[in-house]
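One file, work.cif, is given below (mmCIF, C-alpha atoms and all ligand atoms).
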data_input
#
loop_
_atom_site.label_atom_id
_atom_site.label_comp_id
_atom_site.auth_asym_id
_atom_site.auth_seq_id
_atom_site.Cartn_x
_atom_site.Cartn_y
_atom_site.Cartn_z
CA MET F 4 -0.88 -17.94 16.45
CA ILE F 5 -0.16 -18.65 12.78
CA VAL F 6 -2.83 -20.30 10.64
CA HIS F 7 -2.70 -21.25 6.97
CA SER F 8 -6.03 -22.78 5.96
CA LEU F 9 -9.38 -20.99 5.78
CA ALA F 10 -10.85 -23.59 8.16
CA ASP F 11 -8.17 -22.89 10.81
CA LEU F 12 -8.66 -19.15 10.35
CA ALA F 13 -12.44 -19.50 10.82
CA ARG F 14 -11.91 -21.53 14.01
CA ALA F 15 -9.36 -19.10 15.47
CA ARG F 16 -11.41 -16.04 14.43
CA GLY F 17 -14.53 -17.55 16.03
CA ARG F 18 -12.72 -17.73 19.35
CA LEU F 19 -11.93 -13.97 19.39
CA PRO F 20 -14.45 -12.06 21.51
CA GLY F 21 -14.96 -8.31 20.96
CA THR F 22 -13.68 -6.18 18.07
CA VAL F 23 -11.15 -7.26 15.46
CA ALA F 24 -8.77 -4.94 13.60
CA PHE F 25 -7.25 -6.32 10.42
CA VAL F 26 -3.90 -5.47 8.82
CA PRO F 27 -3.63 -7.06 5.36
CA THR F 28 -0.01 -7.33 4.18
CA MET F 29 2.13 -9.10 1.62
CA GLY F 30 4.73 -9.84 4.30
CA ALA F 31 8.36 -8.65 4.37
CA LEU F 32 7.19 -6.65 7.37
CA HIS F 33 9.08 -3.49 8.33
CA ASP F 34 8.56 -0.62 10.78
CA GLY F 35 5.79 0.79 8.56
CA HIS F 36 3.82 -2.43 9.11
CA ARG F 37 4.61 -2.32 12.84
CA GLU F 38 3.02 1.12 12.89
CA LEU F 39 -0.13 -0.30 11.20
CA ILE F 40 -0.25 -3.13 13.76
CA ARG F 41 0.20 -0.70 16.66
CA TRP F 42 -2.59 1.57 15.42
CA ALA F 43 -4.79 -1.50 14.96
CA GLY F 44 -3.98 -2.76 18.47
CA LYS F 45 -4.99 0.55 20.06
CA ASP F 46 -8.31 0.53 18.25
CA ALA F 47 -9.68 -2.99 18.79
CA ASP F 48 -9.63 -5.95 21.16
CA HIS F 49 -7.64 -8.18 18.76
CA VAL F 50 -5.43 -7.75 15.70
CA VAL F 51 -5.37 -10.14 12.75
CA VAL F 52 -2.54 -9.79 10.20
CA SER F 53 -2.60 -11.53 6.83
CA VAL F 54 0.59 -12.36 4.97
CA PHE F 55 -0.20 -13.19 1.37
CA VAL F 56 1.68 -12.26 -1.81
CA ASN F 57 -1.30 -11.88 -4.10
CA PRO F 58 -0.46 -13.03 -7.65
CA LEU F 59 -3.56 -11.28 -9.01
CA GLN F 60 -2.10 -7.81 -8.40
CA PHE F 61 1.27 -8.37 -10.10
CA GLY F 62 1.67 -7.59 -13.78
CA GLU F 63 5.07 -9.11 -14.41
CA GLN F 64 5.78 -12.68 -13.29
CA ALA F 65 9.37 -11.62 -12.52
CA ASP F 66 8.16 -8.96 -10.05
CA LEU F 67 5.95 -11.55 -8.31
CA GLU F 68 8.81 -14.03 -8.04
CA ARG F 69 11.21 -11.35 -6.79
CA TYR F 70 8.84 -10.14 -4.05
CA PRO F 71 10.53 -10.91 -0.68
CA ARG F 72 9.04 -13.76 1.36
CA THR F 73 10.11 -13.76 5.02
CA LEU F 74 7.28 -15.52 6.88
CA GLU F 75 9.36 -16.60 9.89
CA ALA F 76 10.60 -13.06 10.57
CA ASP F 77 7.10 -11.67 9.88
CA ALA F 78 5.56 -14.06 12.43
CA ALA F 79 8.18 -13.02 15.02
CA ILE F 80 7.31 -9.33 14.50
CA CYS F 81 3.59 -10.10 14.84
CA ASP F 82 4.30 -12.08 18.00
CA ALA F 83 6.25 -9.20 19.49
CA GLU F 84 3.41 -6.81 18.64
CA GLY F 85 0.77 -9.02 20.32
CA VAL F 86 -1.06 -10.01 17.12
CA ALA F 87 -3.77 -12.60 17.85
CA ILE F 88 -3.77 -14.37 14.46
CA VAL F 89 -1.30 -14.36 11.57
CA PHE F 90 -3.16 -15.67 8.52
CA ALA F 91 -0.68 -16.93 5.93
CA PRO F 92 -2.64 -18.83 3.28
CA SER F 93 -1.22 -20.44 0.15
CA VAL F 94 -2.25 -19.32 -3.34
CA SER F 95 -4.51 -22.39 -3.62
CA ASP F 96 -6.19 -21.56 -0.28
CA VAL F 97 -7.15 -18.12 -1.59
CA TYR F 98 -7.75 -19.14 -5.22
CA PRO F 99 -8.86 -22.80 -5.14
CA ARG F 100 -10.19 -22.42 -8.71
CA PRO F 101 -10.06 -19.70 -11.38
CA LEU F 102 -12.27 -16.77 -10.40
CA GLU F 103 -15.46 -16.32 -12.32
CA VAL F 104 -16.44 -13.20 -10.37
CA SER F 105 -13.97 -10.48 -9.38
CA VAL F 106 -13.80 -6.77 -8.53
CA SER F 107 -13.49 -4.11 -11.21
CA THR F 108 -12.10 -0.82 -9.94
CA GLY F 109 -13.18 1.12 -13.04
CA ARG F 110 -11.59 4.41 -14.05
CA MET F 111 -10.03 4.90 -10.60
CA GLY F 112 -8.08 1.71 -11.08
CA ARG F 113 -6.82 2.66 -14.54
CA ILE F 114 -5.39 6.13 -13.92
CA VAL F 115 -2.05 7.27 -12.41
CA GLU F 116 -0.56 4.14 -10.73
CA GLY F 117 -3.20 2.05 -12.51
CA GLU F 118 -1.96 3.28 -15.88
CA ALA F 119 1.56 2.12 -15.04
CA ARG F 120 0.31 -1.22 -13.66
CA PRO F 121 -2.70 -2.41 -15.68
CA GLY F 122 -4.90 -4.79 -13.68
CA HIS F 123 -3.08 -4.09 -10.41
CA PHE F 124 -5.96 -2.38 -8.60
CA ASP F 125 -8.54 -4.93 -9.79
CA GLY F 126 -6.36 -7.74 -8.42
CA MET F 127 -5.66 -5.85 -5.20
CA ALA F 128 -9.34 -4.98 -4.60
CA THR F 129 -10.41 -8.55 -5.36
CA VAL F 130 -8.08 -10.03 -2.75
CA VAL F 131 -8.96 -7.35 -0.18
CA ALA F 132 -12.69 -8.13 -0.64
CA LYS F 133 -11.92 -11.86 -0.27
CA LEU F 134 -9.73 -11.30 2.82
CA PHE F 135 -12.45 -9.14 4.40
CA GLY F 136 -14.88 -12.03 3.83
CA MET F 137 -12.45 -14.52 5.37
CA VAL F 138 -11.35 -12.43 8.39
CA ARG F 139 -14.63 -10.54 9.00
CA PRO F 140 -12.92 -7.55 10.68
CA ASP F 141 -14.59 -4.51 12.22
CA LYS F 142 -11.81 -2.22 11.00
CA ALA F 143 -8.92 -2.51 8.55
CA PHE F 144 -5.67 -0.52 8.57
CA PHE F 145 -3.82 0.59 5.43
CA GLY F 146 -0.73 2.76 4.92
CA GLN F 147 -1.05 6.27 3.51
CA LYS F 148 2.07 5.37 1.50
CA ASP F 149 -0.16 3.53 -1.00
CA ALA F 150 -2.50 6.51 -1.33
CA GLN F 151 -4.30 5.35 -4.46
CA GLN F 152 -4.73 1.85 -3.02
CA LEU F 153 -6.30 3.48 0.04
CA ALA F 154 -8.67 5.51 -2.15
CA VAL F 155 -9.68 2.41 -4.13
CA ILE F 156 -10.28 0.41 -0.94
CA ARG F 157 -12.43 3.16 0.57
CA ARG F 158 -14.49 3.14 -2.62
CA LEU F 159 -14.63 -0.68 -2.65
CA VAL F 160 -16.03 -0.69 0.88
CA GLU F 161 -18.58 2.03 0.08
CA ASP F 162 -19.71 0.72 -3.30
CA LEU F 163 -20.03 -2.90 -2.15
CA ASN F 164 -21.25 -2.06 1.40
CA LEU F 165 -18.59 -4.27 2.95
CA GLY F 166 -19.21 -2.83 6.44
CA VAL F 167 -15.52 -2.49 7.39
CA GLU F 168 -14.16 0.79 8.74
CA VAL F 169 -11.02 1.75 6.79
CA VAL F 170 -8.31 3.56 8.77
CA ALA F 171 -5.34 5.29 7.09
CA VAL F 172 -1.99 5.27 8.91
CA PRO F 173 0.63 7.96 8.11
CA THR F 174 3.74 6.91 6.16
CA VAL F 175 6.79 5.99 8.23
CA ARG F 176 10.06 7.47 6.90
CA GLU F 177 13.76 6.92 7.49
CA PRO F 178 15.44 9.96 9.14
CA ASP F 179 16.63 11.06 5.66
CA GLY F 180 13.07 11.04 4.27
CA LEU F 181 12.95 7.71 2.40
CA ALA F 182 9.49 6.15 2.87
CA LEU F 183 9.70 2.63 4.29
CA SER F 184 8.88 -0.04 1.72
CA SER F 185 9.46 -3.77 1.39
CA ARG F 186 11.19 -2.94 -1.91
CA ASN F 187 13.87 -0.72 -0.27
CA ARG F 188 15.87 -3.85 0.55
CA PHE F 189 16.61 -4.22 -3.19
CA LEU F 190 18.38 -0.82 -3.38
CA SER F 191 22.19 -0.63 -3.44
CA GLY F 192 23.77 2.24 -1.47
CA GLU F 193 24.03 4.39 -4.62
CA GLU F 194 20.49 3.57 -5.73
CA ARG F 195 19.22 4.48 -2.29
CA SER F 196 20.91 7.92 -2.52
CA THR F 197 19.23 8.51 -5.88
CA ALA F 198 15.88 7.31 -4.49
CA LEU F 199 15.93 10.09 -1.87
CA ALA F 200 14.86 12.42 -4.69
CA LEU F 201 11.29 11.09 -4.36
CA SER F 202 10.77 12.41 -0.84
CA ARG F 203 12.87 15.53 -1.58
CA ALA F 204 10.56 16.34 -4.50
CA LEU F 205 7.49 15.86 -2.27
CA PHE F 206 8.91 18.06 0.48
CA ALA F 207 9.79 20.77 -2.09
CA GLY F 208 6.19 20.56 -3.34
CA ARG F 209 4.80 20.82 0.18
CA ASP F 210 6.86 23.98 0.82
CA ALA F 211 5.24 25.56 -2.25
CA VAL F 212 1.61 24.98 -1.12
CA PRO F 213 0.97 28.69 -0.39
CA GLY F 214 1.61 29.37 -4.12
CA GLY F 215 -1.15 26.95 -5.21
CA ALA F 216 -1.37 23.68 -7.13
CA GLU F 217 0.79 24.73 -10.10
CA ALA F 218 3.53 26.06 -7.80
CA VAL F 219 3.63 22.71 -6.01
CA LEU F 220 4.26 20.77 -9.24
CA ALA F 221 6.73 23.43 -10.44
CA ALA F 222 8.72 23.04 -7.21
CA ALA F 223 8.72 19.24 -7.17
CA ARG F 224 9.49 18.58 -10.86
CA PRO F 225 13.07 19.98 -11.00
CA VAL F 226 14.11 17.74 -8.09
CA LEU F 227 13.14 14.69 -10.15
CA GLU F 228 14.73 16.14 -13.30
CA GLU F 229 18.03 16.64 -11.49
CA ALA F 230 17.92 13.09 -10.10
CA ALA F 231 17.38 11.82 -13.64
CA THR F 232 20.96 12.91 -14.39
CA ALA F 233 22.40 11.23 -11.26
CA GLU F 234 24.41 8.00 -11.30
CA PRO F 235 22.53 5.68 -11.12
CA PRO F 236 19.71 7.77 -12.61
CA LEU F 237 16.15 8.14 -11.38
CA LEU F 238 13.65 7.22 -14.10
CA PRO F 239 10.50 9.14 -13.13
CA ASP F 240 7.21 7.52 -14.03
CA TYR F 241 4.73 10.19 -12.88
CA LEU F 242 4.35 13.18 -10.63
CA VAL F 243 0.72 14.16 -10.02
CA LEU F 244 -1.30 16.34 -7.73
CA ALA F 245 -4.52 14.39 -7.35
CA ASP F 246 -7.84 14.38 -5.53
CA PRO F 247 -7.23 11.93 -2.64
CA ALA F 248 -10.68 10.34 -3.06
CA THR F 249 -10.68 9.79 -6.84
CA PHE F 250 -7.05 10.25 -7.91
CA ASP F 251 -8.16 12.54 -10.72
CA PRO F 252 -5.60 15.34 -11.19
CA VAL F 253 -6.72 18.54 -9.45
CA GLU F 254 -7.44 21.69 -11.47
CA PRO F 255 -5.25 24.80 -11.28
CA GLY F 256 -6.48 26.98 -8.42
CA HIS F 257 -7.71 23.88 -6.54
CA ARG F 258 -8.86 24.44 -2.94
CA GLY F 259 -9.13 21.67 -0.33
CA PRO F 260 -7.25 18.39 0.14
CA ALA F 261 -4.92 16.92 -2.48
CA VAL F 262 -2.21 14.29 -2.63
CA LEU F 263 1.13 14.87 -4.31
CA ALA F 264 2.13 11.44 -5.63
CA VAL F 265 5.29 10.27 -7.35
CA ALA F 266 6.57 7.02 -8.86
CA ALA F 267 9.99 6.30 -10.29
CA ARG F 268 12.40 3.51 -11.04
CA VAL F 269 15.95 3.29 -9.71
CA GLY F 270 17.81 0.37 -11.26
CA ALA F 271 15.42 -2.59 -11.21
CA THR F 272 13.32 -1.22 -8.34
CA ARG F 273 10.12 0.79 -8.75
CA LEU F 274 9.26 3.07 -5.85
CA ILE F 275 6.20 5.18 -5.01
CA ASP F 276 5.66 7.89 -2.44
CA ASN F 277 3.18 10.69 -1.70
CA LEU F 278 2.28 13.50 0.68
CA PRO F 279 -1.26 14.60 1.58
CA LEU F 280 -1.53 18.39 1.21
CA GLU F 281 -4.19 20.99 2.03
CA PHE F 282 -4.80 24.04 -0.20
O1 LIG M 301 -0.58 -3.14 0.37
C1 LIG M 301 -0.43 -4.38 0.29
O2 LIG M 301 0.46 -4.95 0.91
C2 LIG M 301 -1.35 -5.17 -0.61
O3 LIG M 301 -1.71 -4.44 -1.73
C3 LIG M 301 -2.59 -5.71 0.11
C4 LIG M 301 -3.49 -4.57 0.61
C5 LIG M 301 -2.17 -6.57 1.30
C6 LIG M 301 -3.43 -6.57 -0.84
O4 LIG M 301 -2.70 -7.65 -1.34
#
As structure tokens, what does this structure read like?
Amino acid sequence: MIVHSLADLARARGRLPGTVAFVPTMGALHDGHRELIRWAGKDADHVVVSVFVNPLQFGEQADLERYPRTLEADAAICDAEGVAIVFAPSVSDVYPRPLEVSVSTGRMGRIVEGEARPGHFDGMATVVAKLFGMVRPDKAFFGQKDAQQLAVIRRLVEDLNLGVEVVAVPTVREPDGLALSSRNRFLSGEERSTALALSRALFAGRDAVPGGAEAVLAAARPVLEEAATAEPPLLPDYLVLADPATFDPVEPGHRGPAVLAVAARVGATRLIDNLPLEF
């Protein structure tokens, strides 16, 4: 069932007995989203999916306008996956008036991806808090692909006691390693070949784990440098080895979990990817 207004959502949600798993999305659903929905379905009595392109988390107006909107196809995927409610509100449903109160994600929201996209994590966390309030889920499912988003949401839930269990779902990749993303559809064939350097760099880093944190970065970096000379070139934004809970860069000699995260542009498309590692 697809609902648009908050009133219809509340009515439909009220009719769902048992536990509810929530998959918030911005639509343009692909197999990575299907995986989130499947995990959610195994873990609760009902799944609710939201489809909402949140203007608050976009820096550039052009990027917001360019974001793919494919509600009909998204609803068909949700139907096939047995989703109970697809919540597809309009901007004025979610933001009926300018916000006076919103979420600040602090330092965590300003570093790494947050440095490249000022305001992004505040806007993302604000809409996630609002969607949690609207859907009232028991659990919510997020992709590991957006590792810093996941870390910020875990912290949001803890710091504001939102009472939702956050579940991370591993990244789904094409057979050649490219992480699935709604933005992949913008890549030409040549751009896609160049973009493979992101996952290649991460896999090279993973192979170097026995040598420690510095060896991981030293193995991953040249892959990006070589791709920067390709045609079309990769324009790397960052490559970091970070604490998965805070996204602070880890120290040399680090022991324990870490996430190797990369962002780069190919043509007009900005891509991110990461791999969780254990030292
Ligand atoms: O990951 C996304 O698609 C978005 O950031 C989210 C979590 C749906 C919030 O708009």
Please give the centre and size of the box around range 255-266 of chain F (axis-aligned, containing every atom listed in the file, 8 Å added per side), with values in Å to one decimal and written as lines of an AutoDock Vina configuration file.
center_x = -1.3
center_y = 17.0
center_z = -5.6
size_x = 31.7
size_y = 36.0
size_z = 27.4
Fewer than 4 positions away in the same chain doesn't count, so skip those; otherwise give me all residues within 12 Å of range 160-163 of chain F, counting only C-alpha atoms, as a PyMOL selection string. chain F and resi 106-109+128-129+131-133+135-136+142-143+153-156+167-170+248
Dump as an mmCIF file, in the frame of the given file, selection limited to C-alpha atoms:
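In the end it all went to part32.cif:
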data_model
loop_
_atom_site.group_PDB
_atom_site.id
_atom_site.type_symbol
_atom_site.label_atom_id
_atom_site.label_comp_id
_atom_site.auth_asym_id
_atom_site.auth_seq_id
_atom_site.Cartn_x
_atom_site.Cartn_y
_atom_site.Cartn_z
ATOM 1 C CA VAL F 106 -13.800 -6.770 -8.530
ATOM 2 C CA SER F 107 -13.490 -4.110 -11.210
ATOM 3 C CA THR F 108 -12.100 -0.820 -9.940
ATOM 4 C CA GLY F 109 -13.180 1.120 -13.040
ATOM 5 C CA ALA F 128 -9.340 -4.980 -4.600
ATOM 6 C CA THR F 129 -10.410 -8.550 -5.360
ATOM 7 C CA VAL F 131 -8.960 -7.350 -0.180
ATOM 8 C CA ALA F 132 -12.690 -8.130 -0.640
ATOM 9 C CA LYS F 133 -11.920 -11.860 -0.270
ATOM 10 C CA PHE F 135 -12.450 -9.140 4.400
ATOM 11 C CA GLY F 136 -14.880 -12.030 3.830
ATOM 12 C CA LYS F 142 -11.810 -2.220 11.000
ATOM 13 C CA ALA F 143 -8.920 -2.510 8.550
ATOM 14 C CA LEU F 153 -6.300 3.480 0.040
ATOM 15 C CA ALA F 154 -8.670 5.510 -2.150
ATOM 16 C CA VAL F 155 -9.680 2.410 -4.130
ATOM 17 C CA ILE F 156 -10.280 0.410 -0.940
ATOM 18 C CA VAL F 167 -15.520 -2.490 7.390
ATOM 19 C CA GLU F 168 -14.160 0.790 8.740
ATOM 20 C CA VAL F 169 -11.020 1.750 6.790
ATOM 21 C CA VAL F 170 -8.310 3.560 8.770
ATOM 22 C CA ALA F 248 -10.680 10.340 -3.060
#
Shell of 7 Å around Thr197 in chain F, only C-alpha atoms, local chain residues under 6 positions omitted, as a PyMOL selection string: chain F and resi 230+233+235-237
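Summary of the local environment: counting all atoms listed in the file, residues at most 9 Å from Asp96 in chain F, other than itself and those fewer than 4 positions away along its chain, are His7, Ser8, Leu9 and Pro92 of chain F.
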Write out, as a CSV table (one decimal), in the frame of the given file, the residues just selected, with C-alpha atoms.
chain,number,residue,atom,x,y,z
F,7,HIS,CA,-2.7,-21.2,7.0
F,8,SER,CA,-6.0,-22.8,6.0
F,9,LEU,CA,-9.4,-21.0,5.8
F,92,PRO,CA,-2.6,-18.8,3.3
As a check of understanding: the span from atom O3 of ligand LIG 301 (chain M) to CA of Ser184 in chain F is 12.0 Å
Gln151 in chain F surroundings by all atoms listed in the file, 8 Å radius, close-in-sequence under 6 positions cut, as a VMD selection string: chain F and resid 116 247 250
Kindly extract all protein, DNA and RNA residues lying within 12 Å of the coordinates (-6.7, 2.0, -13.2) given in the file, considering only C-alpha atoms, and supply them as a compact mmCIF listing (two decimals) with C-alpha atoms, keeping the file's coordinate frame.
# COMPACT_ATOMS: atom_id res chain seq x y z
CA GLN F 60 -2.10 -7.81 -8.40
CA SER F 107 -13.49 -4.11 -11.21
CA THR F 108 -12.10 -0.82 -9.94
CA GLY F 109 -13.18 1.12 -13.04
CA ARG F 110 -11.59 4.41 -14.05
CA MET F 111 -10.03 4.90 -10.60
CA GLY F 112 -8.08 1.71 -11.08
CA ARG F 113 -6.82 2.66 -14.54
CA ILE F 114 -5.39 6.13 -13.92
CA VAL F 115 -2.05 7.27 -12.41
CA GLU F 116 -0.56 4.14 -10.73
CA GLY F 117 -3.20 2.05 -12.51
CA GLU F 118 -1.96 3.28 -15.88
CA ALA F 119 1.56 2.12 -15.04
CA ARG F 120 0.31 -1.22 -13.66
CA PRO F 121 -2.70 -2.41 -15.68
CA GLY F 122 -4.90 -4.79 -13.68
CA HIS F 123 -3.08 -4.09 -10.41
CA PHE F 124 -5.96 -2.38 -8.60
CA ASP F 125 -8.54 -4.93 -9.79
CA GLY F 126 -6.36 -7.74 -8.42
CA MET F 127 -5.66 -5.85 -5.20
CA ALA F 128 -9.34 -4.98 -4.60
CA GLN F 151 -4.30 5.35 -4.46
CA GLN F 152 -4.73 1.85 -3.02
CA ALA F 154 -8.67 5.51 -2.15
CA VAL F 155 -9.68 2.41 -4.13
CA THR F 249 -10.68 9.79 -6.84
CA PHE F 250 -7.05 10.25 -7.91
CA ASP F 251 -8.16 12.54 -10.72
Rounded to one decimal place, report the CA of Leu280 in chain F-CA of Arg195 in chain F distance in Å. 25.2 Å
Can you pull out every residue with an atom within 7 Å of ligand LIG 301 (chain M)? Use only C-alpha atoms and all ligand atoms and format it as a ChimeraX atom specification. /F:27-29,55-57,127,130-131,149
Computed interatomic separation between CA of Thr232 in chain F and CA of Ala266 in chain F (Å):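 These atoms are spaced 16.5 Å apart.
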Sorted per-residue table, range 91-204 of chain F near range 210-223 of chain F, closest atoms and distance, 10 Å, all atoms listed in the file, as CSV:
residue,atom,partner,partner_atom,distance
F:Ala200,CA,F:Ala223,CA,9.5
F:Leu201,CA,F:Ala223,CA,9.0
F:Ser202,CA,F:Ala223,CA,9.5
F:Arg203,CA,F:Ala223,CA,7.9
F:Ala204,CA,F:Ala223,CA,4.4
Please provide the set of residues having any atom within 12 Å of Asn187 in chain F, restricted to only C-alpha atoms, with same-chain residues fewer than 2 positions apart removed, written as a PyMOL selection string. chain F and resi 31-33+70-71+176-177+181-185+189-192+194-196+198-199+268-275
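Proximity of F:Glu281, F:Asp240, F:Glu228, F:Asp179 to His257 in chain F, computed with all atoms listed in the file, is greatest for F:Glu281.
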For Val54 in chain F, which residue out of F:Glu75, F:Asp11, F:Glu38, F:Asp66 is the nearest one, using only C-alpha atoms?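 When distances to Val54 in chain F are compared using only C-alpha atoms, the smallest one comes from F:Glu75.
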